[in-house]
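Below: the structure, in structure tokens.
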Amino acid sequence: MRSPARISSPQPSHPHSGSPPVHYSNPYEELAELADPYDPDDPLGLGLASDDDDADGGGHRGEPVGSGSGSGSGSEGDGDGDGAAWSPPNHRRSSRRRRGRFRGIPLTAKALIGLLVLGLLLVLGDRCAVMYSERKAEQELQKKLDLATAPNVTIHGFPFLTQVLGKELQQVDIAVPDVAADRVSLAEVRAQAQDIRIVGDLPSSFRGATVGRMKGDVLLSFEDLSRELGASQVRFKALGPSSVRADGKLPVAGQQVSLHAQAHIQRQGDRGISTSVTDMRLDIPGIATYRPGPEPRAGLYLHKKAARQISEDSEKARALLSIPSVAEKLGVPPAEAGQARNDDQTLDRITGSPRFVPALLAVNLVQAANDHPQLARKLGIDPTVAAALTRMKVPELTDKLELSFQLPQKAKGIKLANIGVSPEGIRADLTGAGLSFGKTR
């Protein structure tokens with residue numbers, strides 16, 4: 001860039017030649033003298049280096065780029081012959097700086113990042129192998145044990161691949177829902193197997209396994225008992241640590257009677273559970289209760305509320321006293337019973353006695369209801385229902401509530417222990433050692 005040309009001061013004309021000359025100062029010249037010397041490589045005076053200085057690797061400022069030692073001002077000039085040859089600025093400088101940032105990361109950090117990525121890939125591969133083996137084990141268990149539902153298998157321990165290479169698993173959890181057991185189904189069977197020796201290669205050529213020790217538990221839920229035994233009419237619930245209560249409805253002679261019973265849980269050998277039903281009764285609501293079985297407890301007995309109503313109802317009381325066997329059980333002599341049928345004072349004295357209601361509650365009305373249907377009707381008992389109740393035998397009733405089951409034959413070596421009753425149902429612990437599954441040779 002050329003330096004600015006100086007503007008000469010105008011010389012005024014003098015009308016009189018003899019007058020001395022008058023000199024005028026140019027203000028632009030004064031300003032130019034105050035400015036720094038002009039630098040063609042920094043025309044703005046900001047102290048910046050051009051791109052050519054960076055590109056030439058530290059060359060001298062102002063030296064033409066690409067000009068040789070013997071180059072002249074030929075046709076490659078800028079047309080005036082007084083400027084250097086032009087070259088484009090180097091824009092690759094910023095990319096070199098970006099690459100320099102990665103070059104500044106220490107090798108140790110790069111190695112750690114590489115190891116971290118490799119570790120993540122190994123963990124992912126190990127977990128994929130676990131899930132595949134669990135799925136194959138579930139299919140094999142369902143097939144070998146003839147299960148209606150595939151079990152849930154969880155393999156513990158990390159890493160899994162090293163266990164596979166050693167052909168020994170630390171722990172495997174198995175949960176099997178809805179296992180058929182005679183008349184009922186086990187809601188859940190859970191087992192925890194440890195020290196498992198694999199026969200074959202997982203997961204492709206698995207042939208069998210031996211289990212060092214095993215523990216678990218089984219659950220027979222009350223919900224399943226109510227559905228499978230009670231036919232949706234009987235409900236089971238916990239009564240104690242080893243007892244179950246059953247309450248529901250039972251159709252008898254076209255009418256619904258209330259069923260109440262207790263079932264005691266007991267172990268049947270080392271592999272089974274059974275129940276014994278006791279204290280069974282069938283209630284005609286608000287009137288009487290029938291207890292099946294042999295004497296003395298078996299029979300048809302009035303409720304306390306019904307006995308009190310009879311003591312206050314002269315017609316019902318006379319109907320009872322008119323039957324000699326009933327009057328005898330009430331402790332009323334025949335002569336006094338006959339007089340009470342016609343004398344209100346004698347009847348009031350008998351029924352008002354403190355011993356009358358307790359004595360009436362102890363009277364078994366089975367025979368009287370069967371022999372005297374009119375008496376049953378006066379007491380509010382349907383003679384047809386009473387007759388049907390008396391024909392019901394204990395085995396017929398208890399068969400509706402009793403249960404027993406055995407562990408599947410294919411689950412050899414497993415035993416039941418610590419049988420008890422929980423709020424959810426009947427539970428029992430599972431134990432086993434030295435178990436074998438599939439082909440162990």
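Identifiers in this document derive from the order of the structure tokens: chains are assigned A, B, ..., residues are numbered from 1 separately in each chain, and ligands are numbered from 1 in order of occurrence.
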| If you count only C-alpha atoms, which residues fall within 12 Å of stretch 311-316 of chain A, apart from same-chain ones fewer than 5 positions away, as a PyMOL selection string? | chain A and resi 304-306+321-323+340-361+374-380
Save the residues we just selected, C-alpha atoms, as a PDB file, in the first residue's frame?
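The result, written out as selection-v5.pdb:
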```
ATOM      1  CA  LYS A 304     -80.266 -70.830  71.738  1.00  0.00           C
ATOM      2  CA  LYS A 305     -82.360 -68.063  70.211  1.00  0.00           C
ATOM      3  CA  ALA A 306     -84.896 -70.600  68.872  1.00  0.00           C
ATOM      4  CA  LEU A 321     -94.395 -81.751  75.440  1.00  0.00           C
ATOM      5  CA  SER A 322     -96.953 -83.760  73.485  1.00  0.00           C
ATOM      6  CA  ILE A 323     -94.160 -86.127  72.375  1.00  0.00           C
ATOM      7  CA  ALA A 340     -99.387 -78.752  80.743  1.00  0.00           C
ATOM      8  CA  ARG A 341    -101.093 -79.379  77.432  1.00  0.00           C
ATOM      9  CA  ASN A 342    -104.358 -78.144  78.960  1.00  0.00           C
ATOM     10  CA  ASP A 343    -103.254 -75.941  81.882  1.00  0.00           C
ATOM     11  CA  ASP A 344    -101.535 -72.627  81.130  1.00  0.00           C
ATOM     12  CA  GLN A 345    -100.240 -72.244  84.682  1.00  0.00           C
ATOM     13  CA  THR A 346     -98.554 -75.653  84.586  1.00  0.00           C
ATOM     14  CA  LEU A 347     -97.108 -74.849  81.121  1.00  0.00           C
ATOM     15  CA  ASP A 348     -95.799 -71.464  82.313  1.00  0.00           C
ATOM     16  CA  ARG A 349     -94.209 -73.092  85.345  1.00  0.00           C
ATOM     17  CA  ILE A 350     -92.423 -75.643  83.144  1.00  0.00           C
ATOM     18  CA  THR A 351     -91.272 -73.241  80.413  1.00  0.00           C
ATOM     19  CA  GLY A 352     -90.400 -70.503  82.936  1.00  0.00           C
ATOM     20  CA  SER A 353     -88.055 -72.734  84.849  1.00  0.00           C
ATOM     21  CA  PRO A 354     -84.329 -71.754  84.512  1.00  0.00           C
ATOM     22  CA  ARG A 355     -83.624 -75.367  83.544  1.00  0.00           C
ATOM     23  CA  PHE A 356     -86.021 -75.463  80.597  1.00  0.00           C
ATOM     24  CA  VAL A 357     -83.934 -73.651  77.900  1.00  0.00           C
ATOM     25  CA  PRO A 358     -80.629 -75.474  78.697  1.00  0.00           C
ATOM     26  CA  ALA A 359     -82.469 -78.788  78.719  1.00  0.00           C
ATOM     27  CA  LEU A 360     -84.108 -77.962  75.389  1.00  0.00           C
ATOM     28  CA  LEU A 361     -80.729 -77.136  73.812  1.00  0.00           C
ATOM     29  CA  GLN A 374     -95.835 -81.491  62.006  1.00  0.00           C
ATOM     30  CA  LEU A 375     -93.606 -80.815  65.002  1.00  0.00           C
ATOM     31  CA  ALA A 376     -90.708 -79.902  62.676  1.00  0.00           C
ATOM     32  CA  ARG A 377     -92.924 -77.451  60.820  1.00  0.00           C
ATOM     33  CA  LYS A 378     -94.071 -75.778  64.039  1.00  0.00           C
ATOM     34  CA  LEU A 379     -90.449 -75.349  65.055  1.00  0.00           C
ATOM     35  CA  GLY A 380     -89.651 -73.756  61.648  1.00  0.00           C
TER      36      GLY A 380
END
```
Determine, for each residue of stretch 167-211 of chain A having at least one atom at most 9 Å from an atom of stretch 228-247 of chain A, the closest pair of atoms and their separation in Å to one decimal, counting only C-alpha atoms; order by chain and ascending number, as a tab-separated table.
```
residue	atom	partner	partner_atom	distance
A:Arg183	CA	A:Glu228	CA	7.4
A:Val184	CA	A:Glu228	CA	6.2
A:Ser185	CA	A:Glu228	CA	8.4
```
| Which of stretch 238-346 of chain A counts as helix (DSSP H, G or I) under DSSP, as a PyMOL selection string please? | chain A and resi 304-312+314-321+324-329+334-340+344-346
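Nearest to A:Gln262 of all the residues A:Glu396, A:Glu402, A:Glu223, A:Asp182 is A:Glu402, based on only C-alpha atoms.
Among the candidate residues A:Thr275, A:Gly216, A:Asp382, A:His264, the one lying nearest to A:Asn418 is A:Gly216, with distances computed using only C-alpha atoms.
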| task | Could you give me, as number ranges by chain, the residues within 10 Å of stretch 153-165 of chain A, counting only C-alpha atoms and dropping anything in the same chain fewer than 6 positions from it? | result | A: 122-123, 125-131, 133-139, 141, 171-176, 191-194, 197-198, 200-203
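If you look at atom CA of A:Val199 and atom CA of A:Asp270, they are 28.6 Å away from each other.
Nearest to A:Ala387 of all the residues A:Ile196, A:Ala368, A:Val326, A:Leu118 is A:Ala368, counting only C-alpha atoms.
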| query | In terms of the shortest atom-to-atom distance over only C-alpha atoms, which of A:Pro177, A:Gly272, A:Pro423, A:Gly434 is closest to A:Gln409? | reply |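 Closest to A:Gln409 of all the choices is A:Gly272.
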| task | Can you list, as a ChimeraX atom specification, all residues belonging to stretch 139-365 of chain A that DSSP tags as strand (DSSP E)? | result | /A:152-156,168-181,184-201,205-221,234-240,243-252,255-268,272-284,288-291,299-302
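Using only C-alpha atoms, the nearest neighbour of A:Leu186 within the list A:Ile113, A:Ile310, A:Ile273, A:Ile105 is A:Ile273.
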| task | Write out as a VMD selection string each polymer residue whose atoms come within 9 Å of A:Val363, counting only C-alpha atoms; drop sequence neighbours fewer than 6 positions from it. | result | chain A and resid 299 to 302 326 329 to 330
